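run-v3.txt, holding compact mmCIF, C-alpha atoms:
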```txt
# COMPACT_ATOMS: atom_id res chain seq x y z
CA MET H 1 61.65 111.83 92.65
CA ILE H 2 61.96 114.20 95.64
CA GLN H 3 61.27 111.24 97.96
CA ILE H 4 64.31 109.43 96.54
CA PHE H 5 66.57 112.35 97.38
CA LYS H 6 65.19 112.59 100.88
CA LYS H 7 65.86 108.89 101.50
CA ASP H 8 69.51 108.73 100.60
CA PHE H 9 72.37 110.90 101.86
CA TYR H 10 74.74 110.22 98.96
CA ILE H 11 72.13 110.94 96.30
CA SER H 12 70.98 114.06 98.15
CA VAL H 13 74.49 115.53 98.32
CA THR H 14 75.08 114.78 94.63
CA PHE H 15 71.79 116.35 93.66
CA VAL H 16 72.43 119.50 95.73
CA PHE H 17 75.85 119.85 94.12
CA PHE H 18 74.30 119.35 90.69
CA ILE H 19 71.67 122.04 91.27
CA LEU H 20 74.17 124.54 92.66
CA TYR H 21 76.67 124.02 89.87
CA SER H 22 74.00 124.07 87.19
CA LEU H 23 72.74 127.43 88.47
CA PHE H 24 76.34 128.63 88.62
CA TRP H 25 76.87 127.51 85.03
CA LEU H 26 73.75 129.35 83.87
CA TYR H 27 74.99 132.49 85.58
CA ILE H 28 78.47 132.35 84.04
CA GLN H 29 76.95 132.24 80.56
CA THR H 30 76.33 135.96 81.06
CA THR H 31 80.04 136.57 81.75
CA PRO H 32 83.08 136.59 79.38
CA THR H 33 84.04 133.07 78.22
CA ASP H 34 87.72 133.62 79.02
CA GLY H 35 86.96 135.06 82.44
CA PHE H 36 87.74 133.80 85.94
CA LEU H 37 84.25 132.39 86.58
CA HIS H 38 84.36 130.15 83.50
CA ASN H 39 87.74 128.80 84.53
CA PHE H 40 86.53 128.37 88.09
CA PHE H 41 83.64 126.22 86.88
CA SER H 42 86.00 124.19 84.72
CA ASP H 43 88.53 123.69 87.52
CA THR H 44 86.10 122.75 90.26
CA PHE H 45 83.22 120.74 88.79
CA PRO H 46 85.29 117.49 89.08
CA ILE H 47 84.48 117.67 92.78
CA VAL H 48 81.34 115.74 91.79
CA THR H 49 83.41 112.89 90.32
CA LEU H 50 85.62 112.86 93.42
CA TRP H 51 82.49 112.61 95.55
CA GLY H 52 81.11 109.89 93.26
CA GLY H 53 84.32 107.89 93.54
CA ILE H 54 84.53 108.01 97.32
CA SER H 55 80.80 107.36 97.80
CA GLY H 56 80.90 104.53 95.28
CA LEU H 57 83.68 102.73 97.12
CA ILE H 58 81.80 103.06 100.42
CA ILE H 59 78.61 101.65 98.87
CA ALA H 60 80.53 98.89 97.05
CA LYS H 61 81.74 97.58 100.42
CA LYS H 62 78.12 97.13 101.57
CA TRP H 63 77.55 94.87 98.56
CA GLY H 64 80.58 92.72 99.34
CA GLY H 65 83.29 94.86 97.73
CA PHE H 66 85.52 92.85 95.43
CA LYS H 67 84.02 89.56 96.65
CA SER H 68 80.77 89.94 94.74
CA LEU H 69 79.87 90.87 91.17
CA VAL H 70 77.72 93.84 92.21
CA GLY H 71 80.34 95.07 94.69
CA LYS H 72 83.07 94.79 92.07
CA ALA H 73 80.96 96.54 89.44
CA ILE H 74 80.22 99.49 91.76
CA SER H 75 83.94 99.62 92.66
CA MET H 76 84.92 99.78 88.99
CA PHE H 77 82.60 102.71 88.35
CA ALA H 78 83.90 104.41 91.50
CA LEU H 79 87.49 103.96 90.31
CA SER H 80 86.44 105.36 86.95
CA PHE H 81 85.10 108.49 88.66
CA LEU H 82 88.37 108.87 90.58
CA SER H 83 90.36 108.46 87.37
CA ILE H 84 88.27 111.17 85.71
CA THR H 85 88.94 113.40 88.74
CA PHE H 86 92.66 112.82 88.31
CA CYS H 87 92.42 113.72 84.62
CA GLU H 88 90.41 116.90 85.16
CA PHE H 89 92.54 118.16 88.05
CA THR H 90 95.72 117.44 86.08
CA TYR H 91 94.48 119.69 83.30
CA THR H 92 93.76 122.34 85.96
CA PHE H 93 97.29 121.92 87.32
CA TYR H 94 98.80 122.36 83.86
CA TYR H 95 96.76 125.52 83.36
CA ILE H 96 97.47 127.08 86.76
CA TYR H 97 101.13 126.04 87.13
CA TYR H 98 102.37 126.12 83.54
CA GLY H 99 99.78 128.40 81.99
CA ILE H 100 98.99 125.77 79.33
CA ASP H 101 95.34 125.46 78.36
CA MET H 102 94.07 122.11 76.97
CA ALA H 103 97.48 120.50 77.28
CA TYR H 104 96.62 117.34 75.32
CA PRO H 105 98.15 114.86 75.66
CA ASN H 106 99.42 114.82 79.23
CA ILE H 107 99.56 112.33 82.07
CA GLY H 108 96.04 113.30 83.10
CA ASP H 109 94.72 111.77 79.87
CA LEU H 110 96.04 108.46 81.12
CA GLY H 111 93.51 108.89 83.91
CA TYR H 112 90.76 109.43 81.34
CA LEU H 113 91.83 106.35 79.39
CA ALA H 114 91.88 104.36 82.64
CA SER H 115 88.36 105.59 83.40
CA ILE H 116 87.14 104.11 80.12
CA PHE H 117 88.71 100.75 80.91
CA PHE H 118 87.11 100.84 84.36
CA TYR H 119 83.77 101.60 82.66
CA ILE H 120 84.29 98.64 80.32
CA TYR H 121 85.07 96.23 83.15
CA GLY H 122 82.24 97.68 85.23
CA ILE H 123 79.67 97.18 82.47
CA ILE H 124 81.00 93.66 81.78
CA LEU H 125 80.34 92.85 85.45
CA ILE H 126 76.85 94.41 85.23
CA SER H 127 76.17 92.30 82.14
CA GLN H 128 77.13 89.18 84.13
CA VAL H 129 74.74 90.24 86.91
CA CYS H 130 72.05 90.48 84.20
CA GLY H 131 72.81 86.94 83.09
CA ILE H 132 74.16 87.81 79.63
CA GLN H 133 76.43 84.78 79.75
CA PHE H 134 73.32 82.57 79.48
CA LYS H 135 71.94 84.56 76.55
CA LEU H 136 75.24 84.56 74.64
CA LYS H 137 75.22 80.76 74.54
CA ASN H 138 72.67 81.27 71.76
CA LYS H 139 74.67 81.72 68.52
CA ILE H 140 72.23 84.22 67.04
CA ASN H 141 72.53 86.43 70.11
CA LEU H 142 76.31 86.14 69.92
CA LEU H 143 76.41 87.08 66.23
CA LEU H 144 74.06 90.04 66.74
CA SER H 145 76.22 91.25 69.62
CA VAL H 146 79.38 91.11 67.52
CA PHE H 147 77.56 92.90 64.70
CA LEU H 148 76.41 95.68 67.05
CA LEU H 149 79.95 96.10 68.35
CA LEU H 150 81.32 96.41 64.80
CA VAL H 151 78.65 98.97 63.87
CA LEU H 152 79.46 101.08 66.90
CA LEU H 153 83.18 100.85 66.22
CA PHE H 154 82.55 102.08 62.68
CA LEU H 155 81.16 105.43 63.90
CA PRO H 156 84.33 106.70 65.65
CA TYR H 157 86.42 105.26 62.85
CA GLN H 158 84.44 107.21 60.26
CA HIS H 159 84.57 110.50 62.18
CA PHE H 160 87.91 110.42 63.94
CA LEU H 161 90.18 107.60 62.81
CA LYS H 162 89.75 107.39 59.04
CA GLY H 163 92.92 108.77 57.51
CA TYR H 164 94.57 108.90 60.92
CA VAL H 165 98.31 109.50 60.63
CA PHE H 166 100.36 107.41 63.01
CA ASP H 167 103.15 109.50 64.50
CA TRP H 168 105.31 106.83 66.14
CA SER H 169 107.56 109.46 67.69
CA ASN H 170 104.70 110.01 70.13
CA PRO H 171 103.23 106.56 70.89
CA TYR H 172 101.50 107.90 73.99
CA ARG H 173 99.33 110.13 71.83
CA ILE H 174 98.49 107.21 69.52
CA ILE H 175 97.33 105.14 72.52
CA LEU H 176 95.07 108.00 73.63
CA ASP H 177 93.81 108.92 70.14
CA LEU H 178 92.78 105.32 69.47
CA GLY H 179 92.00 104.10 72.97
CA ILE H 180 89.50 106.75 73.93
CA PRO H 181 87.07 106.47 70.97
CA ILE H 182 87.46 102.70 70.66
CA GLY H 183 87.09 102.19 74.40
CA GLY H 184 83.97 104.34 74.40
CA ALA H 185 82.45 102.31 71.57
CA VAL H 186 83.21 99.11 73.48
CA TYR H 187 81.50 100.14 76.72
CA LEU H 188 78.55 101.55 74.80
CA SER H 189 78.10 98.35 72.79
CA ILE H 190 78.28 96.20 75.93
CA ALA H 191 75.69 98.45 77.60
CA LEU H 192 73.35 98.18 74.58
CA ILE H 193 73.85 94.43 74.21
CA THR H 194 73.16 93.99 77.92
CA TYR H 195 69.96 95.99 77.64
CA LEU H 196 68.73 94.19 74.52
CA LEU H 197 69.48 90.67 75.74
CA SER H 198 68.37 91.05 79.36
CA ARG H 199 65.16 93.06 79.10
CA SER H 200 62.95 89.94 78.97
CA THR H 201 64.52 88.24 81.99
CA LEU H 202 65.75 91.10 84.16
CA GLY H 203 63.20 91.90 86.86
CA GLY H 204 62.86 92.47 90.57
CA VAL H 205 63.75 95.59 92.56
CA MET H 206 67.09 95.97 90.79
CA LYS H 207 65.74 96.06 87.25
CA ASN H 208 65.18 99.81 86.97
CA LYS H 209 68.47 100.54 88.71
CA ILE H 210 70.39 98.44 86.21
CA LEU H 211 68.53 100.02 83.30
CA THR H 212 69.37 103.48 84.68
CA ILE H 213 73.08 102.61 84.60
CA LEU H 214 72.79 101.49 80.97
CA MET H 215 70.97 104.68 79.97
CA ALA H 216 73.50 106.81 81.90
CA LEU H 217 76.40 105.20 80.02
CA ILE H 218 74.70 105.94 76.70
CA PHE H 219 74.37 109.57 77.76
CA GLN H 220 78.05 109.63 78.85
CA TYR H 221 79.07 108.29 75.45
CA ILE H 222 77.08 111.00 73.69
CA ALA H 223 78.88 113.65 75.77
CA ASP H 224 82.25 112.05 74.93
CA TYR H 225 81.35 111.92 71.25
CA ILE H 226 80.24 115.53 71.13
CA TYR H 227 83.51 116.61 72.75
CA ALA H 228 85.61 114.57 70.31
CA TYR H 229 83.55 115.80 67.35
CA GLN H 230 83.95 119.36 68.53
CA GLN H 231 87.72 118.92 68.77
CA ALA H 232 87.83 117.50 65.24
CA TYR H 233 85.24 119.67 63.47
CA GLU H 234 84.66 122.73 65.76
CA ASN H 235 81.37 124.35 64.67
CA PHE H 236 78.50 121.91 64.26
CA SER H 237 74.89 121.43 65.24
CA PHE H 238 73.42 118.48 67.18
CA LEU H 239 69.68 118.12 67.84
CA GLY H 240 69.27 121.75 66.93
CA ILE H 241 71.89 122.91 69.43
CA GLN H 242 74.82 124.84 68.02
CA PHE H 243 78.26 123.81 69.29
CA GLY H 244 81.00 126.31 68.58
CA GLU H 245 84.62 126.14 69.59
CA TRP H 246 85.26 124.47 72.95
CA SER H 247 85.66 126.86 75.89
CA SER H 248 86.06 126.53 79.64
CA GLY H 249 82.67 126.49 81.28
CA GLY H 250 81.01 126.19 77.90
CA LEU H 251 78.14 123.97 76.77
CA THR H 252 80.29 120.89 76.12
CA GLU H 253 81.85 121.09 79.53
CA TYR H 254 78.42 121.37 81.11
CA LEU H 255 77.37 118.29 79.15
CA TYR H 256 80.33 116.45 80.66
CA PHE H 257 79.36 117.62 84.14
CA LEU H 258 75.77 116.53 83.51
CA SER H 259 76.77 113.13 82.12
CA TYR H 260 79.14 112.43 85.02
CA THR H 261 76.39 113.37 87.47
CA VAL H 262 73.90 111.07 85.75
CA VAL H 263 76.31 108.09 85.83
CA ILE H 264 77.21 108.81 89.46
CA LEU H 265 73.54 108.99 90.49
CA SER H 266 72.86 105.72 88.68
CA ILE H 267 75.57 104.00 90.75
CA LEU H 268 74.64 105.65 94.05
CA GLN H 269 71.11 104.25 93.79
CA PHE H 270 72.57 100.90 94.82
CA ASN H 271 72.67 102.34 98.32
CA LEU H 272 69.02 103.25 97.98
CA ALA H 273 68.34 99.65 96.93
CA LEU H 274 69.81 98.43 100.23
CA LYS H 275 67.43 100.70 102.14
CA GLU H 276 64.46 99.53 100.09
CA LEU H 277 65.36 95.93 100.85
CA GLN H 278 65.61 96.74 104.58
CA ILE H 279 62.18 98.41 104.44
CA ASN H 280 60.77 95.30 102.74
CA LYS H 281 62.12 93.17 105.61
CA GLN H 282 60.21 95.29 108.14
CA MET O 283 70.49 64.30 109.22
CA ASN O 284 69.35 61.78 106.61
CA THR O 285 70.60 61.65 103.02
CA ASN O 286 67.66 63.64 101.67
CA ASP O 287 68.28 66.37 104.23
CA GLU O 288 71.93 66.47 103.24
CA ILE O 289 71.14 66.80 99.55
CA PHE O 290 68.68 69.64 100.10
CA ALA O 291 71.08 71.31 102.51
CA LYS O 292 73.77 71.11 99.87
CA ILE O 293 71.41 72.54 97.27
CA ALA O 294 70.50 75.42 99.58
CA GLU O 295 74.20 76.03 100.23
CA LYS O 296 74.95 76.14 96.49
CA ILE O 297 72.08 78.55 95.88
CA ILE O 298 73.12 80.88 98.70
CA ALA O 299 76.79 80.72 97.69
CA GLY O 300 75.86 81.45 94.07
CA GLN O 301 73.83 84.48 95.09
CA GLU O 302 76.51 85.61 97.54
CA SER O 303 79.00 85.72 94.66
CA ILE O 304 76.66 88.18 92.94
CA ILE O 305 75.11 90.35 95.65
CA GLY O 306 77.50 89.79 98.55
CA PRO O 307 76.50 89.47 102.23
CA ILE O 308 72.90 90.47 101.49
CA ALA O 309 72.41 86.96 100.09
CA ILE O 310 73.05 85.48 103.53
CA GLU O 311 70.73 87.96 105.24
CA GLU O 312 67.95 87.17 102.78
CA ALA O 313 68.43 83.41 103.23
CA LYS O 314 68.12 83.77 107.00
CA MET O 315 64.72 85.38 106.49
CA VAL O 316 63.27 82.35 104.71
CA GLU O 317 60.77 80.62 107.00
CA GLY O 318 61.83 77.10 107.80
CA LEU O 319 65.44 77.57 106.68
CA ASN O 320 68.07 77.68 109.43
CA VAL O 321 71.35 79.07 108.19
CA ASP O 322 74.65 79.25 110.06
CA TRP O 323 76.86 80.54 107.26
CA LYS O 324 80.03 80.68 109.31
CA GLU O 325 79.79 76.97 110.00
CA LYS O 326 78.17 76.32 106.59
CA THR O 327 75.38 74.52 108.41
CA ILE O 328 71.90 74.52 106.91
CA THR O 329 68.90 72.71 108.38
CA PHE O 330 65.23 72.66 107.54
CA THR O 331 62.10 72.95 109.64
CA GLY O 332 59.38 71.81 107.31
CA ASN O 333 59.02 70.69 103.69
CA HIS O 334 62.40 70.89 101.90
CA THR O 335 60.91 71.50 98.49
CA GLN O 336 58.73 74.40 99.62
CA ILE O 337 61.55 75.97 101.61
CA ILE O 338 63.98 75.85 98.68
CA GLU O 339 61.22 77.29 96.48
CA LYS O 340 60.79 80.19 98.96
CA LEU O 341 64.56 80.74 99.00
CA ILE O 342 64.71 81.07 95.22
CA GLU O 343 61.66 83.38 95.25
CA LYS O 344 63.50 85.58 97.74
CA TYR O 345 66.36 86.00 95.30
CA ARG O 346 63.98 86.42 92.38
CA ASP O 347 62.85 89.64 94.06
CA PHE O 348 66.29 91.08 93.34
CA PHE O 349 66.85 90.54 89.63
CA GLY O 350 63.81 88.58 88.46
CA GLN O 351 64.20 85.53 86.24
CA VAL O 352 67.96 86.16 86.03
CA SER O 353 68.30 85.22 89.71
CA VAL O 354 66.37 82.01 89.08
CA GLU O 355 68.76 81.16 86.22
CA VAL O 356 71.69 81.66 88.58
CA CYS O 357 70.10 79.28 91.10
CA ARG O 358 69.57 76.67 88.37
CA GLU O 359 73.14 77.03 87.16
CA ALA O 360 74.48 76.65 90.71
CA THR O 361 72.50 73.46 91.33
CA LYS O 362 72.43 71.76 87.91
CA LYS O 363 74.91 69.07 88.93
CA MET O 364 72.87 68.10 91.97
CA ILE O 365 69.37 68.14 90.46
CA SER O 366 69.61 64.50 89.36
CA GLU O 367 69.99 63.43 93.00
CA ILE O 368 66.52 64.73 93.89
CA PRO O 369 63.40 62.67 93.09
CA LYS O 370 61.43 64.47 90.36
CA ASP O 371 58.35 64.87 92.52
CA GLU O 372 60.43 66.64 95.18
CA LEU O 373 62.18 69.01 92.78
CA PRO O 374 61.23 72.66 93.45
CA PRO O 375 59.28 73.99 90.42
CA LEU O 376 61.65 76.95 89.97
CA LEU O 377 64.57 74.58 89.53
CA LYS O 378 62.89 72.59 86.73
```
Can you give me the file's structure in the form of structure tokens?
Amino acid sequence: MIQIFKKDFYISVTFVFFILYSLFWLYIQTTPTDGFLHNFFSDTFPIVTLWGGISGLIIAKKWGGFKSLVGKAISMFALSFLSITFCEFTYTFYYIYYGIDMAYPNIGDLGYLASIFFYIYGIILISQVCGIQFKLKNKINLLLSVFLLLVLLFLPYQHFLKGYVFDWSNPYRIILDLGIPIGGAVYLSIALITYLLSRSTLGGVMKNKILTILMALIFQYIADYIYAYQQAYENFSFLGIQFGEWSSGGLTEYLYFLSYTVVILSILQFNLALKELQINKQ
Amino acid sequence: MNTNDEIFAKIAEKIIAGQESIIGPIAIEEAKMVEGLNVDWKEKTITFTGNHTQIIEKLIEKYRDFFGQVSVEVCREATKKMISEIPKDELPPLLK
């Protein structure tokens, strides 16, 4: 693992940032939850998504940018990271300028919604790279895929959308309230379907890198789900970990930071793949 | 270039173009490393030095190193309309 970080500049920078901010987060757990350090963590950790977005676009160009499936897929994830950055910094702006904490919904949430759609398109492109289009010609595979999608859509419906009251005086909020959980279920189902249908045929040097992306998206979805569940139900326990009310620099926010870092690292390894291929040539 | 050369050149071009649409310019670089395959992608000129069948086989194997059997499926998909023009005994095994 250490060798990987030594080989690639982008991964190394991301990892250093992750270590520093993780240590910082551990430290701030000993300080008041409404204090400056907690807010500082909350306001600045999106630097990792900004870095992921810029790095991703640079690496995408090496793979052909928008002219190739892989280049386009990396670009979509990079744009997703930039959208998340916009969302997070907008919340910071609302807090610092207007003194409003957790100002949902605001224009920044549009960035978060956009990030989900970029994830969806990105994972669709990854699934095409994995040859899913050949597998879905089989009707059984197609039916199973639809079934999996419906099952995964049922979960957010059951927890967040059942009994949802549509307030048409605020259509923007409706779009966000529905779009975020549904969009998350969609990208998760595509990631799982891609994994299940491609594992027998996906091989070569890119296999583990693709699988890492799929696993990272599953982890991202879990972080999203925990956040949404926390907003809806406040105190609950997951895998033995107690989640209380959301707070800046709290456990849920660290989970978000961790999940973003994992997805970013999974995308940045495409640059490492280029180096491995160059080494193979020599 | 005789007709057989042209057909195999076209097949190689389809394979490389198909892979380029997935992995970008790396596809061209990898093709240029195949022994016996001479690629001028700007001019879309492809010539062979040696057995066509074996060279095409090596080209597909090169791409198989990327994504495994998936890459082979892409090569088959890209060339399926031209396969009938090749005598069966000259068809690269990976395209069967």
> Which chain H residues are at most 12 Å from chain O (counting all atoms listed in the file), as an MDAnalysis selection string?
Replying inline: chainID H and resid 59:74 125:135 197:211 270 273:278 280:282
> Neighbours of O:His334 within 10 Å (only C-alpha atoms; same-chain residues fewer than 6 positions away dropped), as JSON, numbers by chain?
Replying inline: {"O": [286, 287, 289, 290, 291, 294, 318, 319, 340, 372, 373, 374]}
Considering only C-alpha atoms, return as a PDB file with C-alpha atoms, keeping the file's coordinate frame whatever protein or nucleic-acid residues lie within 6 Å of stretch 88-94 of chain H, sequence-local ones (same chain, fewer than 4 positions apart) excluded.
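Heads up, here's the output in part02.pdb:
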```pdb
ATOM      1  CA  ASP H  43      88.530 123.690  87.520  1.00  0.00           C
ATOM      2  CA  TYR H  98     102.370 126.120  83.540  1.00  0.00           C
ATOM      3  CA  ILE H 100      98.990 125.770  79.330  1.00  0.00           C
ATOM      4  CA  GLY H 108      96.040 113.300  83.100  1.00  0.00           C
TER       5      GLY H 108
END
```
> Which distance in Å separates atom CA of H:Ile190 and atom CA of H:Leu142, to one decimal?
Replying inline: 11.9 Å
> What separation in Å, quoted to one decimal, exists between atom CA of H:Gln231 and atom CA of H:Gly163?
Replying inline: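 A separation of 16.0 Å between them.
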> Between atom CA of H:Ile222 and atom CA of H:Tyr10, what is the distance, to one decimal in Å?
Replying inline: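 Atom-to-atom, atom CA of H:Ile222 to atom CA of H:Tyr10, that is 25.4 Å.
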>> Give me, as a PyMOL selection string, all polymer residues having an atom no more than 10 Å from stretch 322-324 of chain O, counting only C-alpha atoms and skipping those fewer than 2 positions away in the same chain.
In response: chain O and resi 295+298-299+310-311+313-314+319-320+326-329
> Smallest atom-to-atom distance to H:Tyr187: which of H:Asn141, H:Ile120, H:Ser247, H:Ile174, using all atoms listed in the file?
Replying inline: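 For H:Tyr187, the nearest of the given residues is H:Ile120.
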Output stretch 171-186 of chain H as a PDB file, in the frame of the given file, making sure N, CA, C and O atoms are there.
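Resulting contents of rebuild_2.pdb:
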```pdb
ATOM      1  N   PRO H 171     104.141 107.704  70.753  1.00  0.00           N
ATOM      2  CA  PRO H 171     103.230 106.560  70.890  1.00  0.00           C
ATOM      3  C   PRO H 171     102.150 106.780  71.948  1.00  0.00           C
ATOM      4  O   PRO H 171     101.059 106.240  71.847  1.00  0.00           O
ATOM      5  N   TYR H 172     102.473 107.594  72.944  1.00  0.00           N
ATOM      6  CA  TYR H 172     101.500 107.900  73.990  1.00  0.00           C
ATOM      7  C   TYR H 172     100.259 108.544  73.395  1.00  0.00           C
ATOM      8  O   TYR H 172      99.131 108.204  73.736  1.00  0.00           O
ATOM      9  N   ARG H 173     100.459 109.458  72.480  1.00  0.00           N
ATOM     10  CA  ARG H 173      99.330 110.130  71.830  1.00  0.00           C
ATOM     11  C   ARG H 173      98.515 109.142  71.005  1.00  0.00           C
ATOM     12  O   ARG H 173      97.290 109.225  70.958  1.00  0.00           O
ATOM     13  N   ILE H 174      99.194 108.207  70.330  1.00  0.00           N
ATOM     14  CA  ILE H 174      98.490 107.210  69.520  1.00  0.00           C
ATOM     15  C   ILE H 174      97.577 106.376  70.418  1.00  0.00           C
ATOM     16  O   ILE H 174      96.414 106.102  70.079  1.00  0.00           O
ATOM     17  N   ILE H 175      98.128 105.953  71.590  1.00  0.00           N
ATOM     18  CA  ILE H 175      97.330 105.140  72.520  1.00  0.00           C
ATOM     19  C   ILE H 175      96.066 105.907  72.928  1.00  0.00           C
ATOM     20  O   ILE H 175      94.966 105.350  72.960  1.00  0.00           O
ATOM     21  N   LEU H 176      96.221 107.197  73.208  1.00  0.00           N
ATOM     22  CA  LEU H 176      95.070 108.000  73.630  1.00  0.00           C
ATOM     23  C   LEU H 176      94.104 108.236  72.470  1.00  0.00           C
ATOM     24  O   LEU H 176      92.894 108.085  72.610  1.00  0.00           O
ATOM     25  N   ASP H 177      94.662 108.605  71.293  1.00  0.00           N
ATOM     26  CA  ASP H 177      93.810 108.920  70.140  1.00  0.00           C
ATOM     27  C   ASP H 177      92.962 107.725  69.722  1.00  0.00           C
ATOM     28  O   ASP H 177      91.825 107.887  69.266  1.00  0.00           O
ATOM     29  N   LEU H 178      93.525 106.527  69.846  1.00  0.00           N
ATOM     30  CA  LEU H 178      92.780 105.320  69.470  1.00  0.00           C
ATOM     31  C   LEU H 178      91.989 104.758  70.642  1.00  0.00           C
ATOM     32  O   LEU H 178      90.838 104.346  70.484  1.00  0.00           O
ATOM     33  N   GLY H 179      92.606 104.758  71.800  1.00  0.00           N
ATOM     34  CA  GLY H 179      92.000 104.100  72.970  1.00  0.00           C
ATOM     35  C   GLY H 179      90.714 104.743  73.416  1.00  0.00           C
ATOM     36  O   GLY H 179      89.753 104.042  73.765  1.00  0.00           O
ATOM     37  N   ILE H 180      90.694 106.076  73.403  1.00  0.00           N
ATOM     38  CA  ILE H 180      89.500 106.750  73.930  1.00  0.00           C
ATOM     39  C   ILE H 180      88.259 106.507  73.066  1.00  0.00           C
ATOM     40  O   ILE H 180      87.225 106.077  73.578  1.00  0.00           O
ATOM     41  N   PRO H 181      88.291 106.750  71.741  1.00  0.00           N
ATOM     42  CA  PRO H 181      87.070 106.470  70.970  1.00  0.00           C
ATOM     43  C   PRO H 181      86.712 104.995  70.883  1.00  0.00           C
ATOM     44  O   PRO H 181      85.543 104.631  70.942  1.00  0.00           O
ATOM     45  N   ILE H 182      87.741 104.138  70.747  1.00  0.00           N
ATOM     46  CA  ILE H 182      87.460 102.700  70.660  1.00  0.00           C
ATOM     47  C   ILE H 182      86.918 102.184  71.983  1.00  0.00           C
ATOM     48  O   ILE H 182      85.939 101.428  72.028  1.00  0.00           O
ATOM     49  N   GLY H 183      87.549 102.607  73.075  1.00  0.00           N
ATOM     50  CA  GLY H 183      87.090 102.190  74.400  1.00  0.00           C
ATOM     51  C   GLY H 183      85.655 102.622  74.653  1.00  0.00           C
ATOM     52  O   GLY H 183      84.845 101.867  75.199  1.00  0.00           O
ATOM     53  N   GLY H 184      85.331 103.847  74.239  1.00  0.00           N
ATOM     54  CA  GLY H 184      83.970 104.340  74.400  1.00  0.00           C
ATOM     55  C   GLY H 184      82.966 103.502  73.622  1.00  0.00           C
ATOM     56  O   GLY H 184      81.894 103.168  74.133  1.00  0.00           O
ATOM     57  N   ALA H 185      83.342 103.139  72.384  1.00  0.00           N
ATOM     58  CA  ALA H 185      82.450 102.310  71.570  1.00  0.00           C
ATOM     59  C   ALA H 185      82.255 100.942  72.216  1.00  0.00           C
ATOM     60  O   ALA H 185      81.161 100.365  72.171  1.00  0.00           O
ATOM     61  N   VAL H 186      83.297 100.433  72.835  1.00  0.00           N
ATOM     62  CA  VAL H 186      83.210  99.110  73.480  1.00  0.00           C
ATOM     63  C   VAL H 186      82.243  99.160  74.658  1.00  0.00           C
ATOM     64  O   VAL H 186      81.349  98.309  74.767  1.00  0.00           O
TER      65      VAL H 186
END
```
